[in-house]
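The file target.tsv contains TSV, C-alpha atoms:
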```tsv
chain	number	residue	atom	x	y	z
A	234	MET	CA	43.24	22.50	6.82
A	235	ALA	CA	40.62	22.27	9.56
A	236	LYS	CA	38.27	24.15	7.27
A	237	LEU	CA	38.95	21.71	4.44
A	238	LEU	CA	38.32	18.77	6.75
A	239	LYS	CA	35.08	20.30	7.91
A	240	MET	CA	33.97	20.82	4.32
A	241	GLY	CA	34.89	17.26	3.46
A	242	MET	CA	32.88	16.00	6.42
A	243	MET	CA	29.90	18.05	5.34
A	244	LEU	CA	30.12	16.68	1.82
A	245	LEU	CA	30.32	13.15	3.20
A	246	LEU	CA	27.39	13.71	5.51
A	247	SER	CA	25.17	15.52	3.04
A	248	PRO	CA	23.64	12.36	1.50
A	249	LEU	CA	22.74	11.25	5.02
A	250	ILE	CA	21.09	14.57	5.76
A	251	TRP	CA	19.29	14.38	2.43
A	252	ALA	CA	17.98	10.92	3.19
A	253	ASP	CA	15.98	12.40	6.07
A	254	GLN	CA	14.15	14.83	3.79
A	255	PRO	CA	10.90	13.37	2.49
A	256	LYS	CA	10.85	12.86	-1.27
A	257	SER	CA	7.66	13.21	-3.27
A	258	GLY	CA	6.47	10.42	-5.55
A	259	TYR	CA	6.87	13.07	-8.27
A	260	ASP	CA	10.63	12.62	-8.10
A	261	TYR	CA	10.26	8.96	-9.12
A	262	LEU	CA	8.18	9.74	-12.23
A	263	GLN	CA	9.50	9.73	-15.76
A	264	ALA	CA	9.94	13.22	-17.21
A	265	GLU	CA	6.94	12.92	-19.52
A	266	THR	CA	4.68	11.93	-16.62
A	267	GLN	CA	5.97	14.89	-14.60
A	268	ALA	CA	5.13	17.13	-17.53
A	269	MET	CA	1.65	15.60	-17.73
A	270	GLN	CA	1.06	16.35	-14.05
A	271	ASP	CA	2.35	19.92	-14.38
A	272	ASP	CA	0.20	20.79	-17.39
A	273	GLU	CA	-3.34	21.43	-16.18
A	274	PHE	CA	-4.73	20.67	-19.63
A	275	ALA	CA	-2.90	17.33	-19.86
A	276	ASN	CA	-3.36	16.25	-16.22
A	277	PRO	CA	-6.26	13.73	-16.30
A	278	GLY	CA	-6.98	14.44	-12.62
A	279	MET	CA	-8.19	17.93	-13.55
A	280	ALA	CA	-11.50	16.42	-14.73
A	281	THR	CA	-12.14	15.50	-11.09
A	282	VAL	CA	-11.16	18.99	-9.96
A	283	ASP	CA	-13.73	20.35	-12.43
A	284	MET	CA	-16.37	17.97	-11.10
A	285	GLY	CA	-15.59	19.12	-7.55
A	286	HIS	CA	-15.72	22.75	-8.70
A	287	ALA	CA	-19.23	22.20	-10.10
A	288	LEU	CA	-20.41	20.60	-6.84
A	289	PHE	CA	-18.81	23.48	-4.94
A	290	ASN	CA	-21.23	25.77	-6.77
A	291	THR	CA	-24.29	23.51	-6.53
A	292	PRO	CA	-27.03	24.70	-4.15
A	293	GLY	CA	-27.82	22.42	-1.23
A	294	ASN	CA	-31.27	21.71	0.26
A	295	ASN	CA	-31.26	25.12	1.93
A	296	GLY	CA	-30.22	26.86	-1.29
A	297	ARG	CA	-26.72	27.63	-0.06
A	298	ARG	CA	-23.53	26.61	-1.82
A	299	CYS	CA	-19.95	26.05	-0.66
A	300	SER	CA	-19.01	28.97	-2.86
A	301	ASP	CA	-21.29	31.35	-0.93
A	302	CYS	CA	-18.71	31.39	1.88
A	303	HIS	CA	-15.54	30.25	0.13
A	304	GLY	CA	-15.77	32.04	-3.21
A	305	GLU	CA	-16.82	30.78	-6.61
A	306	ASP	CA	-13.37	29.32	-7.27
A	307	GLY	CA	-12.63	28.64	-3.61
A	308	GLU	CA	-10.44	31.74	-3.57
A	309	LYS	CA	-11.44	32.50	0.02
A	310	LEU	CA	-10.17	29.13	1.24
A	311	ASP	CA	-6.87	29.45	3.09
A	312	PRO	CA	-4.22	27.13	1.56
A	313	LYS	CA	-2.33	27.19	4.86
A	314	LYS	CA	-5.35	25.73	6.66
A	315	ILE	CA	-5.91	23.11	3.97
A	316	ALA	CA	-2.28	22.01	4.36
A	317	ARG	CA	-2.81	21.32	8.07
A	318	TYR	CA	-5.31	18.47	7.69
A	319	PRO	CA	-5.98	16.17	9.45
A	320	ILE	CA	-6.61	18.60	12.32
A	321	TYR	CA	-7.73	17.84	15.85
A	322	ASN	CA	-11.50	17.98	16.34
A	323	PRO	CA	-12.17	18.65	20.04
A	324	GLU	CA	-15.82	17.58	19.80
A	325	LEU	CA	-14.87	14.19	18.41
A	326	GLY	CA	-11.72	13.94	20.49
A	327	ARG	CA	-10.15	12.65	17.29
A	328	PRO	CA	-8.41	13.89	14.14
A	329	PHE	CA	-10.63	15.18	11.35
A	330	THR	CA	-9.59	14.71	7.71
A	331	LEU	CA	-10.12	17.22	4.93
A	332	GLN	CA	-12.66	14.86	3.39
A	333	GLN	CA	-14.58	14.66	6.67
A	334	GLN	CA	-14.47	18.46	6.95
A	335	VAL	CA	-15.93	18.85	3.46
A	336	ASN	CA	-18.67	16.32	4.25
A	337	PHE	CA	-19.42	18.12	7.53
A	338	CYS	CA	-20.00	21.42	5.68
A	339	TRP	CA	-22.06	19.64	3.03
A	340	GLU	CA	-24.41	18.35	5.73
A	341	GLU	CA	-24.34	21.19	8.28
A	342	HIS	CA	-24.16	24.28	6.11
A	343	LEU	CA	-25.93	23.11	2.96
A	344	ASP	CA	-28.47	20.90	4.75
A	345	ASN	CA	-27.65	17.94	2.51
A	346	ILE	CA	-27.59	14.23	3.27
A	347	PRO	CA	-23.92	13.52	3.98
A	348	PHE	CA	-21.95	11.59	1.38
A	349	VAL	CA	-20.80	8.03	1.94
A	350	PRO	CA	-17.08	8.30	2.78
A	351	GLY	CA	-14.91	7.87	-0.29
A	352	CYS	CA	-17.75	8.19	-2.82
A	353	THR	CA	-17.04	9.84	-6.17
A	354	GLU	CA	-18.68	13.21	-5.38
A	355	LEU	CA	-17.02	13.59	-1.99
A	356	VAL	CA	-13.58	12.69	-3.37
A	357	ALA	CA	-14.19	15.20	-6.19
A	358	LEU	CA	-14.96	17.96	-3.67
A	359	GLU	CA	-11.92	17.00	-1.62
A	360	THR	CA	-9.78	17.02	-4.76
A	361	PHE	CA	-11.06	20.46	-5.74
A	362	VAL	CA	-10.43	21.89	-2.26
A	363	ARG	CA	-6.98	20.39	-1.89
A	364	ASN	CA	-6.10	21.56	-5.39
A	365	ARG	CA	-6.67	25.12	-4.14
A	366	ALA	CA	-3.61	24.59	-1.91
A	367	ARG	CA	-1.37	23.29	-4.68
A	368	GLY	CA	2.24	24.14	-3.87
A	369	GLU	CA	1.54	24.80	-0.20
A	370	PRO	CA	3.83	22.74	2.07
A	371	VAL	CA	2.06	20.01	4.05
A	372	ASN	CA	2.03	21.13	7.68
A	373	VAL	CA	0.31	18.69	10.07
A	374	ASP	CA	0.66	19.66	13.72
A	375	ILE	CA	1.41	16.53	15.73
A	376	SER	CA	2.08	18.20	19.04
A	377	GLY	CA	-0.52	18.19	21.80
A	378	PRO	CA	-3.72	16.19	21.33
A	379	MET	CA	-2.72	14.91	17.85
A	380	ARG	CA	0.31	13.07	19.18
A	381	PRO	CA	-1.39	9.80	20.23
A	382	PHE	CA	-3.08	9.49	16.83
A	383	TYR	CA	0.21	10.11	15.07
A	384	GLU	CA	1.78	7.40	17.22
A	385	ALA	CA	-1.12	5.01	16.50
A	386	GLY	CA	-0.70	5.64	12.76
A	387	LYS	CA	3.02	5.08	13.03
A	388	ALA	CA	2.44	1.76	14.80
A	389	LEU	CA	0.05	0.68	12.01
A	390	TYR	CA	2.65	1.70	9.42
A	391	HIS	CA	4.99	-0.77	11.11
A	392	THR	CA	2.41	-3.57	11.55
A	393	ARG	CA	2.52	-6.62	9.31
A	394	PHE	CA	-0.77	-7.59	7.65
A	395	GLY	CA	-2.19	-10.40	5.55
A	396	GLN	CA	-0.99	-13.67	4.13
A	397	MET	CA	1.99	-11.78	2.66
A	398	ASN	CA	2.87	-10.58	6.17
A	399	MET	CA	3.69	-7.14	4.78
A	400	ALA	CA	3.97	-3.74	6.47
A	401	CYS	CA	4.12	-0.31	4.84
A	402	TYR	CA	7.60	0.55	6.16
A	403	VAL	CA	9.06	-2.62	4.73
A	404	CYS	CA	8.80	-1.28	1.17
A	405	HIS	CA	8.50	2.47	1.54
A	406	ASP	CA	11.27	3.03	4.11
A	407	GLN	CA	13.69	0.44	2.75
A	408	TYR	CA	13.25	0.13	-1.01
A	409	ALA	CA	12.19	3.47	-2.52
A	410	GLY	CA	13.66	3.67	-6.02
A	411	GLN	CA	13.78	-0.11	-6.48
A	412	TYR	CA	11.53	-1.99	-8.90
A	413	LEU	CA	8.77	-4.45	-8.00
A	414	ARG	CA	8.46	-6.11	-11.40
A	415	GLY	CA	8.02	-3.03	-13.62
A	416	GLN	CA	6.69	-0.76	-10.88
A	417	ILE	CA	9.02	1.74	-9.17
A	418	LEU	CA	8.63	1.90	-5.38
A	419	THR	CA	8.35	5.35	-3.82
A	420	GLU	CA	8.49	6.60	-0.26
A	421	GLY	CA	4.71	6.36	-0.15
A	422	GLN	CA	4.25	10.08	0.47
A	423	THR	CA	0.72	11.50	0.51
A	424	ASN	CA	1.19	15.06	-0.75
A	425	GLY	CA	-0.41	14.28	-4.13
A	426	PHE	CA	-3.70	12.76	-2.91
A	427	PRO	CA	-6.32	12.40	-4.20
A	428	GLU	CA	-4.18	11.36	-7.14
A	429	TYR	CA	-4.79	10.18	-10.69
A	430	ARG	CA	-3.49	6.66	-11.35
A	431	LEU	CA	-2.47	5.92	-14.92
A	432	GLY	CA	-2.65	2.16	-14.28
A	433	SER	CA	-6.29	2.11	-13.23
A	434	GLY	CA	-7.28	5.27	-15.11
A	435	ARG	CA	-9.07	6.76	-12.11
A	436	ILE	CA	-8.76	9.25	-9.31
A	437	THR	CA	-7.70	7.52	-6.08
A	438	SER	CA	-8.24	8.79	-2.57
A	439	LEU	CA	-5.72	7.94	0.12
A	440	GLN	CA	-8.08	5.45	1.76
A	441	ARG	CA	-8.66	3.69	-1.56
A	442	ARG	CA	-4.89	3.47	-2.02
A	443	LEU	CA	-4.43	2.00	1.47
A	444	GLU	CA	-7.20	-0.48	0.67
A	445	GLU	CA	-5.35	-1.51	-2.50
A	446	CYS	CA	-2.15	-2.01	-0.53
A	447	LEU	CA	-3.91	-4.15	2.08
A	448	ARG	CA	-5.56	-6.26	-0.64
A	449	SER	CA	-2.17	-6.78	-2.28
A	450	PHE	CA	-0.94	-8.11	1.09
A	451	ARG	CA	-3.95	-10.45	0.96
A	452	ALA	CA	-5.26	-8.73	4.07
A	453	GLU	CA	-8.85	-7.75	4.84
A	454	PRO	CA	-9.09	-3.94	4.43
A	455	PHE	CA	-10.58	-1.76	7.18
A	456	GLU	CA	-14.02	-0.17	6.87
A	457	ARG	CA	-14.11	3.24	5.17
A	458	ASP	CA	-13.21	6.02	7.62
A	459	ALA	CA	-12.11	3.48	10.24
A	460	ASP	CA	-9.95	5.00	12.98
A	461	GLU	CA	-7.03	3.02	11.55
A	462	TYR	CA	-7.21	4.84	8.19
A	463	ILE	CA	-7.53	8.22	9.85
A	464	ASP	CA	-4.59	7.56	12.18
A	465	LEU	CA	-2.55	6.41	9.20
A	466	GLU	CA	-3.48	9.61	7.35
A	467	VAL	CA	-2.24	11.65	10.30
A	468	TYR	CA	1.04	9.76	10.38
A	469	LEU	CA	1.54	9.71	6.62
A	470	ASN	CA	0.75	13.38	6.05
A	471	ALA	CA	2.95	14.44	8.99
A	472	ARG	CA	5.72	12.18	7.72
A	473	GLY	CA	5.64	14.28	4.55
A	474	ASN	CA	5.47	17.65	6.31
A	475	GLY	CA	7.17	20.23	4.09
A	476	LEU	CA	6.36	18.53	0.79
A	477	PRO	CA	4.29	20.71	-1.55
A	478	ILE	CA	0.68	19.66	-2.12
A	479	GLU	CA	0.42	18.30	-5.69
A	480	THR	CA	-3.27	17.38	-5.85
A	481	PRO	CA	-4.17	15.95	-8.27
A	482	ALA	CA	-0.81	14.20	-8.66
A	483	VAL	CA	-0.33	11.80	-11.56
A	484	ARG	CA	1.10	8.41	-10.58
A	485	TYR	CA	1.53	4.98	-12.18
B	643	MET	CA	-31.07	-31.92	-14.31
B	644	VAL	CA	-29.98	-33.73	-11.16
B	645	CYS	CA	-32.88	-34.85	-8.96
B	646	ARG	CA	-33.26	-33.26	-5.56
B	647	TYR	CA	-32.39	-36.48	-3.77
B	648	CYS	CA	-29.19	-36.90	-5.75
B	649	GLN	CA	-28.31	-33.22	-5.15
B	650	ARG	CA	-28.57	-33.82	-1.46
B	651	ILE	CA	-26.29	-36.85	-1.64
B	652	ILE	CA	-23.77	-34.88	-3.69
B	653	ILE	CA	-23.83	-32.03	-1.20
B	654	SER	CA	-23.42	-34.33	1.77
B	655	LEU	CA	-20.48	-36.09	0.08
B	656	LEU	CA	-18.80	-32.79	-0.85
B	657	PRO	CA	-16.85	-32.36	2.41
B	658	LEU	CA	-15.29	-35.79	1.86
B	659	VAL	CA	-14.07	-34.71	-1.57
B	660	VAL	CA	-12.94	-31.26	-0.50
B	661	SER	CA	-11.24	-32.04	2.80
B	662	PRO	CA	-8.19	-33.93	1.46
B	663	LEU	CA	-7.62	-30.99	-0.90
B	664	ALA	CA	-7.94	-28.55	1.98
B	665	ALA	CA	-5.40	-30.58	3.91
B	666	ALA	CA	-3.01	-30.38	0.97
B	667	GLU	CA	-3.32	-26.59	1.07
B	668	GLY	CA	-2.63	-26.52	4.78
B	669	PHE	CA	0.45	-25.68	6.74
B	670	VAL	CA	3.01	-28.42	7.40
B	671	PRO	CA	5.07	-27.55	10.49
B	672	TRP	CA	8.84	-27.45	10.05
B	673	GLN	CA	11.89	-27.37	12.27
B	674	ALA	CA	14.70	-24.91	11.67
B	675	VAL	CA	18.26	-25.82	12.56
B	676	GLY	CA	20.45	-22.73	12.52
B	677	ASP	CA	19.76	-20.94	9.23
B	678	SER	CA	18.29	-23.99	7.53
B	679	ILE	CA	15.34	-26.40	7.40
B	680	PRO	CA	17.28	-29.60	6.69
B	681	GLN	CA	14.27	-31.92	6.18
B	682	PRO	CA	11.96	-31.55	3.15
B	683	LEU	CA	8.47	-30.50	4.23
B	684	GLY	CA	6.26	-33.53	4.85
B	685	GLY	CA	9.06	-35.70	3.41
B	686	LEU	CA	7.97	-34.57	-0.08
B	687	THR	CA	10.18	-34.55	-3.18
B	688	GLY	CA	10.23	-31.37	-5.26
B	689	ASP	CA	9.89	-31.12	-9.02
B	690	ALA	CA	12.15	-28.44	-10.54
B	691	SER	CA	10.09	-27.77	-13.69
B	692	ARG	CA	6.93	-27.22	-11.64
B	693	GLY	CA	9.03	-25.03	-9.32
B	694	ARG	CA	10.09	-22.83	-12.23
B	695	GLU	CA	6.42	-22.31	-13.14
B	696	ILE	CA	5.53	-21.47	-9.52
B	697	ALA	CA	8.39	-18.97	-9.29
B	698	ARG	CA	7.19	-17.26	-12.48
B	699	ARG	CA	3.45	-17.10	-11.85
B	700	LYS	CA	2.12	-13.91	-10.25
B	701	ASP	CA	-0.61	-15.77	-8.36
B	702	LEU	CA	1.83	-18.30	-6.85
B	703	GLY	CA	5.48	-17.54	-6.02
B	704	ASN	CA	5.77	-14.25	-7.90
B	705	CYS	CA	9.47	-14.38	-7.06
B	706	LEU	CA	10.15	-12.26	-10.16
B	707	ALA	CA	8.42	-9.32	-8.50
B	708	CYS	CA	11.64	-8.89	-6.51
B	709	HIS	CA	14.30	-11.26	-7.89
B	710	ARG	CA	16.03	-11.78	-11.19
B	711	LEU	CA	15.78	-15.40	-12.36
B	712	PRO	CA	16.89	-17.05	-15.63
B	713	ILE	CA	13.29	-16.98	-16.97
B	714	PRO	CA	13.71	-14.77	-20.05
B	715	GLU	CA	10.08	-15.03	-21.23
B	716	ALA	CA	8.86	-13.34	-18.02
B	717	GLY	CA	9.54	-9.71	-19.03
B	718	PHE	CA	10.07	-7.22	-16.20
B	719	GLN	CA	11.97	-8.63	-13.23
B	720	GLY	CA	12.24	-6.86	-9.91
B	721	THR	CA	15.33	-5.33	-8.28
B	722	VAL	CA	14.22	-5.38	-4.64
B	723	GLY	CA	15.89	-8.72	-3.80
B	724	PRO	CA	19.27	-10.15	-4.84
B	725	PRO	CA	19.41	-11.93	-8.24
B	726	LEU	CA	18.94	-15.66	-7.74
B	727	ASP	CA	21.07	-16.88	-10.66
B	728	GLY	CA	23.69	-19.18	-9.17
B	729	ILE	CA	21.93	-19.35	-5.79
B	730	ALA	CA	22.62	-23.11	-5.46
B	731	SER	CA	26.36	-22.48	-5.47
B	732	ARG	CA	25.92	-20.14	-2.46
B	733	LEU	CA	23.26	-21.95	-0.41
B	734	ASN	CA	22.27	-25.58	0.15
B	735	ALA	CA	18.71	-26.92	-0.09
B	736	GLY	CA	18.02	-26.58	3.65
B	737	GLN	CA	19.17	-22.94	3.67
B	738	ILE	CA	17.04	-22.14	0.62
B	739	ARG	CA	14.07	-23.89	2.25
B	740	LEU	CA	14.20	-21.65	5.33
B	741	ARG	CA	14.59	-18.47	3.28
B	742	VAL	CA	11.58	-19.31	1.13
B	743	ALA	CA	9.45	-20.65	4.01
B	744	ASP	CA	10.04	-17.64	6.29
B	745	GLU	CA	12.86	-15.18	5.64
B	746	SER	CA	11.72	-13.07	8.61
B	747	ARG	CA	13.23	-15.77	10.86
B	748	ARG	CA	16.69	-14.53	9.78
B	749	ILE	CA	15.83	-10.92	8.91
B	750	PRO	CA	12.95	-9.46	10.96
B	751	THR	CA	12.60	-6.41	8.67
B	752	THR	CA	12.57	-8.44	5.46
B	753	VAL	CA	10.30	-7.53	2.56
B	754	MET	CA	10.19	-11.14	1.37
B	755	PRO	CA	6.82	-12.76	2.06
B	756	PRO	CA	6.87	-15.96	4.11
B	757	PHE	CA	5.74	-18.66	1.70
B	758	HIS	CA	5.13	-21.32	4.32
B	759	LYS	CA	4.61	-19.74	7.72
B	760	ASP	CA	2.16	-20.92	10.39
B	761	PRO	CA	-1.08	-19.13	9.31
B	762	THR	CA	-2.16	-18.67	12.92
B	763	THR	CA	0.74	-16.21	13.33
B	764	LEU	CA	-0.55	-13.95	10.52
B	765	ASN	CA	-2.63	-10.82	11.04
B	766	GLN	CA	-5.97	-9.84	9.43
B	767	VAL	CA	-5.71	-12.28	6.52
B	768	ALA	CA	-8.39	-11.84	3.82
B	769	ASP	CA	-11.12	-14.49	3.80
B	770	ASP	CA	-9.99	-16.12	0.55
B	771	TYR	CA	-6.54	-16.83	1.96
B	772	TYR	CA	-7.41	-17.43	5.59
B	773	GLY	CA	-5.70	-20.38	7.25
B	774	LYS	CA	-3.45	-21.17	4.29
B	775	PRO	CA	0.22	-20.53	3.64
B	776	VAL	CA	1.05	-18.80	0.31
B	777	LEU	CA	2.53	-22.03	-1.09
B	778	ASN	CA	1.62	-25.49	0.13
B	779	ALA	CA	4.34	-27.95	1.17
B	780	GLN	CA	4.58	-29.56	-2.28
B	781	GLN	CA	4.81	-26.19	-4.04
B	782	LEU	CA	7.50	-25.06	-1.60
B	783	GLU	CA	9.54	-28.21	-2.26
B	784	ASP	CA	9.08	-27.66	-6.02
B	785	VAL	CA	10.52	-24.15	-5.69
B	786	VAL	CA	13.45	-25.41	-3.62
B	787	ALA	CA	14.13	-28.09	-6.26
B	788	TYR	CA	14.07	-25.42	-8.98
B	789	LEU	CA	16.46	-23.08	-7.14
B	790	MET	CA	18.82	-26.04	-6.58
B	791	THR	CA	19.18	-26.28	-10.39
B	792	LEU	CA	20.56	-22.71	-10.48
B	793	GLN	CA	24.24	-23.56	-10.02
```
What would the structure in this file look like if it were written as structure tokens?
Amino acid sequence: MAKLLKMGMMLLLSPLIWADQPKSGYDYLQAETQAMQDDEFANPGMATVDMGHALFNTPGNNGRRCSDCHGEDGEKLDPKKIARYPIYNPELGRPFTLQQQVNFCWEEHLDNIPFVPGCTELVALETFVRNRARGEPVNVDISGPMRPFYEAGKALYHTRFGQMNMACYVCHDQYAGQYLRGQILTEGQTNGFPEYRLGSGRITSLQRRLEECLRSFRAEPFERDADEYIDLEVYLNARGNGLPIETPAVRY
Amino acid sequence: MVCRYCQRIIISLLPLVVSPLAAAEGFVPWQAVGDSIPQPLGGLTGDASRGREIARRKDLGNCLACHRLPIPEAGFQGTVGPPLDGIASRLNAGQIRLRVADESRRIPTTVMPPFHKDPTTLNQVADDYYGKPVLNAQQLEDVVAYLMTLQ
């Protein structure tokens, strides 16, 4: 009897336990869109991966290429390390995103002029690199020096912005699965970024997505690579720790 | 072509023409009593058919983003908020007015935008919308009048 009761309790509690597990935007897609994402020949984001792959093998001003160290197809990149970004950068005293890391190598190791944050080429390289870690669970370490940035990102996630007085948590923590007009709301997880958006027909970096959200609140977006975006990236990625990287995800 | 002199006159007169409009777009303070704003904003009278249009339009009320309303021609209607059919049999005009003006007064975590909240209390508003509520006082009264027809 006690055993039965215990089992009953567990069954009752299981949806609550489940609710704490992050859920990828993938789970909110229609089956045909999931199939499109899964098929590398049908996934429109793969064109950006290919562009990044080409840049990865393009010699810099000193004749060196990313592929000289990391392998022609990036096979020497460690998916586990990719899944940890943003990581703490002791020289900056701040978190460092994967995109910033790629740009750092581009400048330091290839002797190139660094890219403007968020530009097409840099996002393509980021997409290629993160695609190497497809399936790897997101694993951002928020202990130690990363903690304050995680907390700052969390505070921003809960801050209301713009004429619409909207905050991220308001939709993504309370209404995932509901429809805003025809658009399904998701948890706002970041494991698929940079992602291909069917609505706009373009690859979208996380910062571009956050910019779009802020504009839809009728708020002034932050500058590219502003501390606010980076802190949000720390919080958002860590919030989805354990979700498999899907880059390039396909979303609406 | 307008001569330079005339251009200058037109430009100098422009603020006179624009400012009453700007005032109409501005915020009209309101007083809540319990869960209601009993007095119409600025003593204005709402027009239900204009209110229906405001509720439907994406650039104005966009209520359909979240609510179901009896506006069949509008296509997709959201499921985030409760359906508003029959709302006037549940709430009176003052209660509807407060919910549309600033639902966060009742529910701090609400997803519903405040349509007539003091703009100085808003954060990082984009230039184009700075200093203005989403709906002006007349538009808000129009929406209230429309919802009051939904018995």
Point to revise | Residue contacts of segment 381-398 of chain A (6 Å, all atoms listed in the file) excluding same-chain residues fewer than 2 positions away, as a PyMOL selection string | key: (chain A and resi 379+400-402+450-452+464-465+467-468) or (chain B and resi 755+765-767)
Determine, for each residue of chain B having at least one atom at most 10 Å from an atom of chain A, the closest pair of atoms and their separation in Å to one decimal, counting all atoms listed in the file; order by chain and ascending number, as CSV.
```
residue,atom,partner,partner_atom,distance
B:Asn704,CA,A:Arg414,CA,9.3
B:Cys705,CA,A:Arg414,CA,9.4
B:Leu706,CA,A:Arg414,CA,6.5
B:Ala707,CA,A:Arg414,CA,4.3
B:Cys708,CA,A:Leu413,CA,5.5
B:His709,CA,A:Arg414,CA,8.5
B:Arg710,CA,A:Arg414,CA,9.5
B:Ala716,CA,A:Arg414,CA,9.8
B:Gly717,CA,A:Arg414,CA,8.5
B:Phe718,CA,A:Arg414,CA,5.2
B:Gln719,CA,A:Arg414,CA,4.7
B:Gly720,CA,A:Arg414,CA,4.1
B:Thr721,CA,A:Tyr412,CA,5.1
B:Val722,CA,A:Gln411,CA,5.6
B:Gly723,CA,A:Gln411,CA,9.3
B:Ser746,CA,A:Asn398,CA,9.5
B:Thr751,CA,A:Val403,CA,6.5
B:Thr752,CA,A:Val403,CA,6.8
B:Val753,CA,A:Val403,CA,5.5
B:Met754,CA,A:Met397,CA,8.3
B:Pro755,CA,A:Met397,CA,5.0
B:Pro756,CA,A:Met397,CA,6.6
B:Phe757,CA,A:Met397,CA,7.9
B:His758,CA,A:Gln396,CA,9.8
B:Lys759,CA,A:Gln396,CA,9.0
B:Pro761,CA,A:Gln396,CA,7.5
B:Thr763,CA,A:Asn398,CA,9.4
B:Leu764,CA,A:Gly395,CA,6.3
B:Asn765,CA,A:Phe394,CA,5.0
B:Gln766,CA,A:Gly395,CA,5.4
B:Val767,CA,A:Gly395,CA,4.1
B:Ala768,CA,A:Glu453,CA,4.2
B:Asp769,CA,A:Glu453,CA,7.2
B:Asp770,CA,A:Arg451,CA,8.3
B:Tyr771,CA,A:Gln396,CA,6.7
B:Tyr772,CA,A:Gln396,CA,7.6
B:Gly773,CA,A:Gln396,CA,8.8
B:Lys774,CA,A:Gln396,CA,7.9
B:Pro775,CA,A:Gln396,CA,7.0
B:Val776,CA,A:Gln396,CA,6.7
```
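Pairwise distance (atom CA of Leu726 of chain B, atom CA of Pro712 of chain B) equals 8.3 Å.
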Check your understanding: Which distance in Å separates atom CA of Pro370 of chain A and atom CA of Gly304 of chain A, to one decimal?
Key ->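 Those two atoms sit 22.3 Å apart.
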Point to revise | Interatomic distance, atom CA of Lys700 of chain B to atom CA of Val785 of chain B (Å, one decimal) | key: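 Those two atoms sit 14.0 Å apart.
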Polymer residues at most 8 Å from segment 786-788 of chain B, all atoms listed in the file, same-chain spacing of 3 or more positions, as a JSON list (two decimals) with C-alpha atoms, keeping the file's coordinate frame:
```json
[["chain", "number", "residue", "atom", "x", "y", "z"],
["B", 688, "GLY", "CA", 10.23, -31.37, -5.26],
["B", 689, "ASP", "CA", 9.89, -31.12, -9.02],
["B", 690, "ALA", "CA", 12.15, -28.44, -10.54],
["B", 691, "SER", "CA", 10.09, -27.77, -13.69],
["B", 692, "ARG", "CA", 6.93, -27.22, -11.64],
["B", 693, "GLY", "CA", 9.03, -25.03, -9.32],
["B", 694, "ARG", "CA", 10.09, -22.83, -12.23],
["B", 735, "ALA", "CA", 18.71, -26.92, -0.09],
["B", 738, "ILE", "CA", 17.04, -22.14, 0.62],
["B", 739, "ARG", "CA", 14.07, -23.89, 2.25],
["B", 742, "VAL", "CA", 11.58, -19.31, 1.13],
["B", 782, "LEU", "CA", 7.50, -25.06, -1.60],
["B", 783, "GLU", "CA", 9.54, -28.21, -2.26],
["B", 791, "THR", "CA", 19.18, -26.28, -10.39],
["B", 792, "LEU", "CA", 20.56, -22.71, -10.48]]
```
Which polymer residues, protein or nucleic acid, are no farther than 10 Å from (19.6, -24.8, 4.2), counting all atoms listed in the file, as a JSON list (two decimals) with C-alpha atoms, in the coordinates of the input?
```
[["chain", "number", "residue", "atom", "x", "y", "z"],
["B", 674, "ALA", "CA", 14.70, -24.91, 11.67],
["B", 675, "VAL", "CA", 18.26, -25.82, 12.56],
["B", 676, "GLY", "CA", 20.45, -22.73, 12.52],
["B", 677, "ASP", "CA", 19.76, -20.94, 9.23],
["B", 678, "SER", "CA", 18.29, -23.99, 7.53],
["B", 679, "ILE", "CA", 15.34, -26.40, 7.40],
["B", 680, "PRO", "CA", 17.28, -29.60, 6.69],
["B", 681, "GLN", "CA", 14.27, -31.92, 6.18],
["B", 733, "LEU", "CA", 23.26, -21.95, -0.41],
["B", 734, "ASN", "CA", 22.27, -25.58, 0.15],
["B", 735, "ALA", "CA", 18.71, -26.92, -0.09],
["B", 736, "GLY", "CA", 18.02, -26.58, 3.65],
["B", 737, "GLN", "CA", 19.17, -22.94, 3.67],
["B", 738, "ILE", "CA", 17.04, -22.14, 0.62],
["B", 739, "ARG", "CA", 14.07, -23.89, 2.25],
["B", 740, "LEU", "CA", 14.20, -21.65, 5.33],
["B", 741, "ARG", "CA", 14.59, -18.47, 3.28],
["B", 786, "VAL", "CA", 13.45, -25.41, -3.62]]
```
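Among A:Asp374, A:Glu428, A:Glu354, A:Glu308, the residue with the shortest atom-to-atom distance to Ala287 of chain A, counting all atoms listed in the file, is A:Glu354.
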Exercise for review: Write out as a PyMOL selection string which residues come within 12 Å of Glu273 of chain A when counting all atoms listed in the file, dropping same-chain ones fewer than 5 positions away.
Suggested key: chain A and resi 267-268+278-283+364+367+479-483
Exercise for review: May I have the residues within 12 Å of Asp344 of chain A as a list in words, using only C-alpha atoms and disregarding those fewer than 4 positions away in the same chain?
Suggested key: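 So, after excluding close chain neighbours, the residues are Pro292, Gly293, Asn294, Asn295, Gly296, Arg297, Arg298, Cys299, Asn336, Phe337, Cys338, Trp339, Glu340 and Phe348 of chain A.
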